[in-house]
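I have placed the structure first, in the form of structure tokens, so that the comments after it can refer back to it.
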2 protein chains.
Amino acid sequence: MSEPRYKCIGTRPIRPDGVDKVTGRASFGADLSLPGMLHGRVLRSPHAHARIRSIEVEPALAVEGVKAVITAADLPDLASQAAQGAETQTDFRDLSRNVLARDKVLYHGHAVAAVAATSRTAAERALAAIRVDYEVLPAVLDLDSALAPGAPILHEDLRTRGLAGGGAPTNLAARIEIGRGDVEKGFAEADVVVEREFTTRMVHQGYIEPHAVVARTAEDGHSVVWCCTQGPFVVRAYCARILGMDLSRIRVIPSEIGGGFGGKTTVYLEPLAILLSRRTGRPVKMVMTREEVFRATGPTSGTRIRVKIGATAKGKLTAAAATLVYEAGAFKGSPVTAAAMTMFAPYRLEQVRIEGFDVVLNKPKVGAYRAPGSAMAAFAAESALDEVALRLGMDPIDFRLANAAREGTEAPYGPKFRRIGFVETLEAAKRHPHYSAPLGPGQGRGVACGFWFNVGLQSSAAVNLNEDGTAVVVSGSPDLSGTRISLAMMAAEELGIPIERVRAVVADTETIGYSDLSAGSRVTFATGMAVVEAARDVVRQLSERAAAIWRVDPREVRWEEGRALPPQGAAGGPEPLGIEELARDAARTGGPIVGRASLTARAPGPGFATHICDVSVDRETGRVSVVRYTAFQDVGRAIHPGYVEGQIQGGAAQGIGWALNEEYLWDSSGAVENPGFLDYRMPIASDLPMIDAQLIEVPSPTHPYGVRGVGETPNVPPLAAVANAVRAATGHRFTDLPLSPPRVLEALDSEG
Amino acid sequence: MSEPRYKCIGTRPIRPDGVDKVTGRASFGADLSLPGMLHGRVLRSPHAHARIRSIEVEPALAVEGVKAVITAADLPDLASQAAQGAETQTDFRDLSRNVLARDKVLYHGHAVAAVAATSRTAAERALAAIRVDYEVLPAVLDLDSALAPGAPILHEDLRTRGLAGGGAPTNLAARIEIGRGDVEKGFAEADVVVEREFTTRMVHQGYIEPHAVVARTAEDGHSVVWCCTQGPFVVRAYCARILGMDLSRIRVIPSEIGGGFGGKTTVYLEPLAILLSRRTGRPVKMVMTREEVFRATGPTSGTRIRVKIGATAKGKLTAAAATLVYEAGAFKGSPVTAAAMTMFAPYRLEQVRIEGFDVVLNKPKVGAYRAPGSAMAAFAAESALDEVALRLGMDPIDFRLANAAREGTEAPYGPKFRRIGFVETLEAAKRHPHYSAPLGPGQGRGVACGFWFNVGLQSSAAVNLNEDGTAVVVSGSPDLSGTRISLAMMAAEELGIPIERVRAVVADTETIGYSDLSAGSRVTFATGMAVVEAARDVVRQLSERAAAIWRVDPREVRWEEGRALPPQGAAGGPEPLGIEELARDAARTGGPIVGRASLTARAPGPGFATHICDVSVDRETGRVSVVRYTAFQDVGRAIHPGYVEGQIQGGAAQGIGWALNEEYLWDSSGAVENPGFLDYRMPIASDLPMIDAQLIEVPSPTHPYGVRGVGETPNVPPLAAVANAVRAATGHRFTDLPLSPPRVLEALDSEG
């Protein structure tokens with residue numbers, strides 16, 4: 001098959017927003033100020049679990065400069081919608097109670113009240129003046145305690161979904177199961193069976209920008225909300241539900257976003273800011289401190305995963321089984337289902353069963369984090385696979401190649417894969433110089449793979465042609481990772497004009513059609529499809545204008561290199577009409593030219609990756625250093641290879657941090673002990689080698705350019721890749737993350 | 001013909017932006033602040049006419065806090081584009097030189113340099129430190145001096161367009177002529193001929209909000225401009241031309257606008273703010289003082305108009321001729337052409353000739369003002385017609401009825417009128433109780449008529465359907481007068497949903513397709529057409545979704561009252577599908593639903609009005625008070641009658657102010673002596689009676705609901721209506737406006 005020839009796709013133009021971001025010119029959530037603006041602050045629970053007996057707000061209202069104080073009593077009580085909420089992905093009763101605690105606080109940091117005042121200082125004085133009478137309850141802070149008989153119960157009305165019977169109150173919110181075949185039969189056929197238990201801790205996405213919002217409510221009740229979010233339409237929908245408003249009464253304008261990684265897909269401050277601005281008639285700004293981000297926004301689950309894998313002596317997998325227990329935080333809804341679905345997705349397995357448990361406990365409600373749930377599951381699965389290969393004496397890549405999913409393989413969660421590039425990533429890894437490079441003393445090499453679905457969902461786009469033939473691409477997808485330039489490149493390719501003549505912008509909820517979250521690695525794929533369709537709509541109109549000028553059938557007009565070409569006829573026919581002429585004369589030929597598209601993108605091409613990691617372990621300090629790292633990923637088609645590489649580098653870096661150092665530390669009362677970047681140790685540039693991102697392009701059949709989502713997959717393999725490398729370096733199989741120096745040292749010391 | 005039945009059109013819902021505007025919540029041009037923002041100020045000429053020998057900016061740069069100083073030397077010199085500019089409506093060479101004087105200053109207040117500094121105070125200190133070496137030249141401050149032989153010449157390269165020969169430098173920028181027939185023959189056939197000369201003074205639109213802008217330029221050179229403007233796309237186009245940028249490098253976001261009336265259709269501060277922000281890398285805010293607005297923005301022309309009208313004894317007009325001399329200010333381009341075209345447009349005239357002259361002189365360049373040029377021409381024409389009717393002893397309405405233009409009448413400027421409602425306004429005026437109400441002592445009643453073309457031009461609109469079935473109407477037309485609610489009402493009518501479920505917003509130049517100025521009374525007409533088309537696009541898509549669900553042909557689906565009705569078939573067929581269900585399920589049926597339309601609206605229905613004015617004249621002080629005022633206007637179809645009435649009331653009030661008190665006063669050096677609302681006397685609420693606006697609805701055949709533009713026509717008749725009333729009260733024909741107390745007193749005293 002001959003490669004399509006592109007002019008713009010696959011090149012590396014400079015990202016227009018880049019310099020502004022690194023020089024501080026870009027406008028983030030906290031950068032907006034409005035005249036008469038008030039400052040809002042949130043009072044947070046000092047207990048991990050307590051009943052709220054009463055809240056006395058009058059003393060706070062008496063503080064000079066304080067204009068309003070709100071509590072859950074000021075929000076509609078969505079209790080009656082619980083049944084309805086359970087049917088949908090988001091339970092708005094829980095969401096509302098996470099935004100402002102009602103009756104009970106469920107974690108240390110849970111929002112209890114919010115104030116708006118003329119200064120931040122006044123607002124903080126007001127917080128100190130609010131008197132909350134708590135009846136402190138015993139808290140559950142780990143999975144075992146939460147599931148123990150007689151455990152303190154977070155939600156008296158919670159019953160386990162997915163379990164027959166089970167009528168008593170519980171902290172087990174759901175049990176799920178997927179699989180096929182007879183795993184016991186599979187294990188019986190195995191020559192080698194490995195069974196292990198793995199644990200990971202709650203970690204945070206660690207975005208640089210704290211949550212920030214400014215809300216202004218007009219006299220007629222219409223609210224404008226500026227905020228940093230991955231999904232302005234979701235903020236609108238959630239605020240509307242929490243506050244009982246029509247969608248048309250809220251406009252959400254997304255700012256630049258200083259990182260999200262899944263953590264900015266829900267609301268925390270936004271409904272409070274709207275309500276405070278409505279109460280006071282003034283704009284209200286709310287910005288979280290770093291401490292609040294750690295204490296009260298959604299990290300990802302701590303987990304306990306038991307995995308069992310069987311294989312024949314020749315290296316064929318015969319069965320896999322796993323039990324996943326995931327922390328949901330204070331309200332139900334961990335990513336355990338996605339974890340179960342992705343865990344063995346890279347492999348052909350006839351016999352597979354995965355059971356998952358969603359457990360509530362007195363920690364912040366977890367949020368999405370880059371390939372939600374999958375990294376921890378892959379840590380378990382890929383560590384166990386490493387162990388199986390070791391026992392079999394097989395090269396870990398050969399072992400995986402022998403079992404790799406291909407086109408037509410049925411995924412453990414059901415559907416058959418279309419064209420995928422997993423095998424290609426394994427083969428590329430195997431032949432890459434990294435894989436055969438010699439290792440130094442104390443070093444080890446690990447391999448691990450990862451899978452992510454990628455999603456499609458709804459996107460809208462418009463392409464507005466300017467009078468000078470330049471174009472603006474409008475979408476409703478906040479740009480987390482350079483998607484504006486990628487969208488602009490697709491439009492430039494379709495229109496046949498230089499990328500410098502195309503600008504891409506993110507509109508707000510009132511000026512573009514509905515668009516789902518910038519999440520699930522969907523923007524370049526799904527919003528990209530909408531942009532391509534909208535650009536083709538522009539080309540169609542341009543061709544029609546040219547056809548009308550030439551008095552020919554529009555179907556006879558071809559569009560090439562930014563020009564309409566007349567039907568090929570006798571010599572002396574009309575000259576081609578360029579986009580600049582057609583744009584300039586648009587007023588006379590029918591008016592402005594605007595292309596648009598809104599769609600639900602289906603069947604996104606899934607993403608597979610294989611990572612090779614070399615570590616050096618310092619046996620004196622227990623410090624693990626990543627010394628070389630190469631990531632191979634099927635990206636479908638790299639629109640802008642530089643930013644695809646950036647996604648892979650960023651995902652790998654986050655996974656390495658998770659593997660090596662990141663974890664929430666809790667004191668006995670359930671307070672976070674390390675709510676800041678000094679103590680919550682994320683990798684910085686000097687901690688890491690250059691991550692070598694190798695792009696494998698196996699075009700997805702469901703996108704006009706073959707794009708696959710790329711953002712999440714690279715966060716999946718690193719936990720296992722690092723742990724497998726440490727095992728290779730030390731001979732010790734670590735099953736509990738992070739591999740922080742004290743933990744590594746202790747394990748090595750105990751082995752003597 | 002039976003009246004169409006509407007649910008929403010013709011009702012009076014509350015305007016959502018109203019309360020915010022009167023309570024100060026709305027965000028106008030000066031209300032935005034950005035982090036690190038600098039303040040920009042403009043150095044203005046202290047001379048009406050001078051050569052700039054040199055500008056020394058270094059001392060200003062040395063002032064603490066000053067970050068940049070710019071002069072015309074920092075702008076591209078567009079001199080070479082003069083020939084090209086002359087072909088288009090806007091001469092960008094002139095525009096650039098009005099924004100920053102190059103070589104010469106041409107009026108007192110002409111911008112010479114601009115600075116950006118960390119505070120307004122520092123910026124003003126910097127202005128004081130700039131040393132400009134002027135060679136002061138003699139100035140021309142009135143039409144006679146400007147046209148006198150040997151007059152000081154503003155532009156050495158200016159030659160008169162429209163005059164044969166004429167090779168010498170001149171201040172006469174253009175001569176135009178329109179007409180038909182043989183006016184001398186017409187006058188020869190007349191029984192009565194009236195010939196008079198009328199003069200009016202330069203007046204300002206008097207918008208409450210001064211010009212204001214914030215510009216921010218990114219590292220890649222892309223600029224975002226927030227400003228109060230009638231035309232964000234025009235601001236973008238003008239700034240791009242003045243600064244030599246691609247259109248895609250500038251985004252213009254319009255704020256709420258505190259009045260424009262034509263005065264915010266060009267640029268003054270915007271290119272300076274962009275350039276200063278580019279130089280400094282920081283956002284720059286510039287806000288004019290009221291004095292700057294008066295001294296340096298575009299008012300409308302002072303004029304001298306000679307008019308001659310002949311009629312038979314029976315009251316038939318036989319001929320009309322006029323010579324119009326209009327001040328252009330410092331650069332060519334007065335509204336004399338529009339004046340000539342509109343002057344006799346309400347009347348059937350076989351013999352008509354109008355000659356117009358465009359004269360430059362050392363005053364600010366005039367700008368558009370509500371029905372540009374027409375009010376002064378109508379003052380002359382309608383005063384002269386009043387005089388003819390008086391001489392004939394005919395009732396002034398009967399006289400006008402006898403000569404009124406109707407469907408098929410050929411306008412003096414060419415085309416034949418389609419369906420128009422001028423006669424209907426005259427008939428309504430005649431039978432209205434006002435016209436026969438008794439007058440008190442010292443009172444007089446005047447009648448005058450007016451005409452305005454109204455324009456169509458380009459508009460874009462989108463209708464975004466939200467997931468809950470509410471809708472957002474997006475346009476690129478700033479809302480000067482309640483157009484958002486009118487556009488929302490048209491969408492509500494088409495969608496069949498309550499107006500409370502529809503919100504209309506104004507987008508910016510990057511998020512909506514090209515849209516021409518909010519001017520020419522075009523928004524409800526042309527943008528309204530685009531909204532109707534976009535809403536019908538939504539209905540089409542909704543019907544298609546319903547048809548797909550029902551598996552029927554979409555053409556069989558009817559849309560009624562917000563619901564898709566299934567084909568009428570046997571009993572037991574499917575239930576209708578409401579917009580809420582269809583919107584909620586859109587993700588599953590094909591994605592978000594967005595309607596859009598971009599068009600060039602043609603053949604707008606022109607507007608005609610007849611005004612009746614009663615005045616009381618105080619012979620001791622010369623004070624003229626308007627005691628009753630009724631305006632009859634063919635509005636086509638009033639979408640929101642309340643705001644149509646508001647337009648008529650506002651237009652009449654402005655015309656009354658112009659008639660009675662408004663005028664620029666100049667000292668001998670050419671400085672404005674009254675650059676503030678204390679001394680420039682505009683009418684306030686207590687000066688005026690309630691203006692009774694009578695809506696005559698003769699639907700325009702070129703709009704789906706019959707809308708005609710309504711905003712400008714009401715500003716046309718008042719000058720003459722007031723003057724005719726004063727003549728009736730005093731017996732004195734005033735030919736020189738304004739009718740301010742000293743002038744009236746002097747005239748009455750001189751008559752004894």
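In the structure tokens, each chain is lettered A, B, ... as it comes, each chain's residues begin at 1, and ligands are numbered from 1 in order of appearance.
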Each residue of chain B with at least one atom at most 6 Å from chain A should appear once, together with its nearest atom pair and the corresponding distance in Å (one decimal); atoms considered: only C-alpha atoms; ordering: chain, then increasing residue number; output as JSON lines.
{"residue": "B:Asp20", "atom": "CA", "partner": "A:Glu219", "partner_atom": "CA", "distance": 5.7}
{"residue": "B:Glu219", "atom": "CA", "partner": "A:Asp20", "partner_atom": "CA", "distance": 5.7}
{"residue": "B:Ser248", "atom": "CA", "partner": "A:Thr470", "partner_atom": "CA", "distance": 5.8}
{"residue": "B:Gln458", "atom": "CA", "partner": "A:Gly591", "partner_atom": "CA", "distance": 5.7}
{"residue": "B:Asn464", "atom": "CA", "partner": "A:Gly513", "partner_atom": "CA", "distance": 5.3}
{"residue": "B:Thr470", "atom": "CA", "partner": "A:Ser248", "partner_atom": "CA", "distance": 5.8}
{"residue": "B:Gly513", "atom": "CA", "partner": "A:Asn464", "partner_atom": "CA", "distance": 5.3}
{"residue": "B:Tyr514", "atom": "CA", "partner": "A:Pro592", "partner_atom": "CA", "distance": 5.6}
{"residue": "B:Gly590", "atom": "CA", "partner": "A:Thr600", "partner_atom": "CA", "distance": 5.7}
{"residue": "B:Gly591", "atom": "CA", "partner": "A:Leu599", "partner_atom": "CA", "distance": 4.2}
{"residue": "B:Pro592", "atom": "CA", "partner": "A:Ser598", "partner_atom": "CA", "distance": 5.4}
{"residue": "B:Val594", "atom": "CA", "partner": "A:Gly513", "partner_atom": "CA", "distance": 5.8}
{"residue": "B:Ser598", "atom": "CA", "partner": "A:Pro592", "partner_atom": "CA", "distance": 5.4}
{"residue": "B:Leu599", "atom": "CA", "partner": "A:Gly591", "partner_atom": "CA", "distance": 4.2}
{"residue": "B:Thr600", "atom": "CA", "partner": "A:Gly591", "partner_atom": "CA", "distance": 4.4}
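When DSSP reads the backbone of this structure, the residues of segment 609-708 of chain B it assigns to strand (DSSP E) are Ala609, Thr610, His611, Ile612, Cys613, Asp614, Val615, Ser616, Val617, Val624, Ser625, Val626, Val627, Arg628, Tyr629, Thr630, Ala631, Phe632, Gln633, Asp634, Ile691, Asp692, Ala693, Gln694, Leu695 and Ile696 of chain B.
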Based on the selection just made, write N, CA and C atoms of those residues as an mmCIF file, in the first residue's frame.
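Written output follows (again10.cif):
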data_model
loop_
_atom_site.group_PDB
_atom_site.id
_atom_site.type_symbol
_atom_site.label_atom_id
_atom_site.label_comp_id
_atom_site.auth_asym_id
_atom_site.auth_seq_id
_atom_site.Cartn_x
_atom_site.Cartn_y
_atom_site.Cartn_z
ATOM 1 N N ALA B 609 -40.319 57.552 7.805
ATOM 2 C CA ALA B 609 -40.948 58.002 9.040
ATOM 3 C C ALA B 609 -41.569 59.371 8.860
ATOM 4 N N THR B 610 -42.598 59.619 9.618
ATOM 5 C CA THR B 610 -43.213 60.936 9.703
ATOM 6 C C THR B 610 -43.272 61.319 11.179
ATOM 7 N N HIS B 611 -42.739 62.487 11.500
ATOM 8 C CA HIS B 611 -42.738 62.918 12.898
ATOM 9 C C HIS B 611 -43.589 64.175 13.070
ATOM 10 N N ILE B 612 -44.301 64.203 14.175
ATOM 11 C CA ILE B 612 -45.049 65.414 14.547
ATOM 12 C C ILE B 612 -44.428 65.948 15.831
ATOM 13 N N CYS B 613 -44.123 67.243 15.814
ATOM 14 C CA CYS B 613 -43.460 67.840 16.977
ATOM 15 C C CYS B 613 -44.202 69.108 17.405
ATOM 16 N N ASP B 614 -44.505 69.191 18.696
ATOM 17 C CA ASP B 614 -45.058 70.444 19.251
ATOM 18 C C ASP B 614 -43.996 71.090 20.110
ATOM 19 N N VAL B 615 -43.777 72.392 19.879
ATOM 20 C CA VAL B 615 -42.814 73.097 20.726
ATOM 21 C C VAL B 615 -43.494 74.279 21.403
ATOM 22 N N SER B 616 -42.855 74.660 22.479
ATOM 23 C CA SER B 616 -43.245 75.895 23.141
ATOM 24 C C SER B 616 -42.006 76.786 23.132
ATOM 25 N N VAL B 617 -42.141 78.021 22.672
ATOM 26 C CA VAL B 617 -40.982 78.913 22.585
ATOM 27 C C VAL B 617 -41.121 80.024 23.616
ATOM 28 N N VAL B 624 -36.436 76.879 23.530
ATOM 29 C CA VAL B 624 -37.435 76.067 22.843
ATOM 30 C C VAL B 624 -37.605 74.768 23.622
ATOM 31 N N SER B 625 -38.854 74.475 23.989
ATOM 32 C CA SER B 625 -39.117 73.200 24.659
ATOM 33 C C SER B 625 -40.003 72.344 23.770
ATOM 34 N N VAL B 626 -39.616 71.090 23.627
ATOM 35 C CA VAL B 626 -40.475 70.145 22.914
ATOM 36 C C VAL B 626 -41.523 69.669 23.914
ATOM 37 N N VAL B 627 -42.781 69.887 23.602
ATOM 38 C CA VAL B 627 -43.826 69.552 24.578
ATOM 39 C C VAL B 627 -44.588 68.277 24.202
ATOM 40 N N ARG B 628 -44.578 67.946 22.946
ATOM 41 C CA ARG B 628 -45.197 66.671 22.537
ATOM 42 C C ARG B 628 -44.513 66.208 21.267
ATOM 43 N N TYR B 629 -44.348 64.916 21.161
ATOM 44 C CA TYR B 629 -43.620 64.405 20.002
ATOM 45 C C TYR B 629 -44.146 63.023 19.673
ATOM 46 N N THR B 630 -44.576 62.846 18.444
ATOM 47 C CA THR B 630 -45.056 61.534 18.012
ATOM 48 C C THR B 630 -44.351 61.146 16.721
ATOM 49 N N ALA B 631 -43.825 59.933 16.724
ATOM 50 C CA ALA B 631 -43.065 59.448 15.565
ATOM 51 C C ALA B 631 -43.771 58.245 14.980
ATOM 52 N N PHE B 632 -44.040 58.307 13.681
ATOM 53 C CA PHE B 632 -44.704 57.218 12.966
ATOM 54 C C PHE B 632 -43.677 56.615 12.028
ATOM 55 N N GLN B 633 -43.483 55.321 12.114
ATOM 56 C CA GLN B 633 -42.447 54.735 11.273
ATOM 57 C C GLN B 633 -42.856 53.366 10.773
ATOM 58 N N ASP B 634 -42.584 53.160 9.501
ATOM 59 C CA ASP B 634 -42.790 51.824 8.936
ATOM 60 C C ASP B 634 -41.628 50.948 9.360
ATOM 61 N N ILE B 691 -41.504 60.331 24.201
ATOM 62 C CA ILE B 691 -41.644 60.272 22.745
ATOM 63 C C ILE B 691 -42.613 59.140 22.425
ATOM 64 N N ASP B 692 -43.670 59.492 21.748
ATOM 65 C CA ASP B 692 -44.687 58.489 21.411
ATOM 66 C C ASP B 692 -44.295 57.837 20.080
ATOM 67 N N ALA B 693 -43.919 56.571 20.153
ATOM 68 C CA ALA B 693 -43.477 55.871 18.936
ATOM 69 C C ALA B 693 -44.620 55.010 18.420
ATOM 70 N N GLN B 694 -45.049 55.306 17.224
ATOM 71 C CA GLN B 694 -46.148 54.565 16.610
ATOM 72 C C GLN B 694 -45.590 53.653 15.528
ATOM 73 N N LEU B 695 -45.754 52.360 15.755
ATOM 74 C CA LEU B 695 -45.179 51.390 14.823
ATOM 75 C C LEU B 695 -46.162 51.074 13.703
ATOM 76 N N ILE B 696 -45.723 51.314 12.487
ATOM 77 C CA ILE B 696 -46.521 50.960 11.315
ATOM 78 C C ILE B 696 -45.855 49.732 10.699
#
Practice item. Give the helix (DSSP H, G or I) residues of segment 397-561 of chain B, as DSSP finds them on the backbone, and put them as JSON, numbers by chain. Key: {"B": [397, 398, 399, 400, 401, 402, 403, 422, 423, 424, 425, 426, 427, 428, 429, 430, 431, 433, 434, 435, 436, 483, 484, 485, 486, 487, 488, 489, 490, 491, 492, 493, 494, 495, 499, 500, 501, 523, 524, 525, 526, 527, 528, 529, 530, 531, 532, 533, 534, 535, 536, 537, 538, 539, 540, 541, 542, 543, 544, 545, 546, 547, 548, 549, 550, 554, 555, 556]}
Would you mind listing, for every residue of segment 324-415 of chain B within 8 Å of segment 104-123 of chain B, the two atoms forming the shortest contact and the distance between them in Å to one decimal, using only C-alpha atoms, sorted by chain and ascending residue number, as a Markdown table?
| residue | atom | partner | partner_atom | distance |
| --- | --- | --- | --- | --- |
| B:Ala330 | CA | B:Leu106 | CA | 5.7 |
| B:Leu361 | CA | B:Leu106 | CA | 8.0 |
| B:Asn362 | CA | B:Tyr107 | CA | 4.8 |
| B:Lys363 | CA | B:Tyr107 | CA | 5.0 |
| B:Pro364 | CA | B:Tyr107 | CA | 5.9 |
Check your understanding: Within 12 Å of Ala603 of chain B, counting only C-alpha atoms, which residues qualify if same-chain residues fewer than 6 places away don't, as JSON, numbers by chain?
Key -> {"B": [415, 416, 417, 418, 419, 453, 454, 455, 456, 457, 522, 525, 526, 700, 701, 702, 703, 706, 707, 708, 709]}
**Study point:** Spatial neighbours of Arg536 of chain A, max dist 9 Å, only C-alpha atoms, sep filter under 5 positions, as a ChimeraX atom specification
**Key:** /A:491,494-495,531,541,595-596
Practice item. Find the spatial neighbours of Ala168 of chain B, counting only C-alpha atoms, within a cut-off of 9 Å - ignore same-chain residues fewer than 3 positions away - and output them as a PyMOL selection string. Key: chain B and resi 156-160+165
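Across the structure, atom CA of Ala148 of chain A and atom CA of Ala173 of chain A are spaced 13.9 Å apart.
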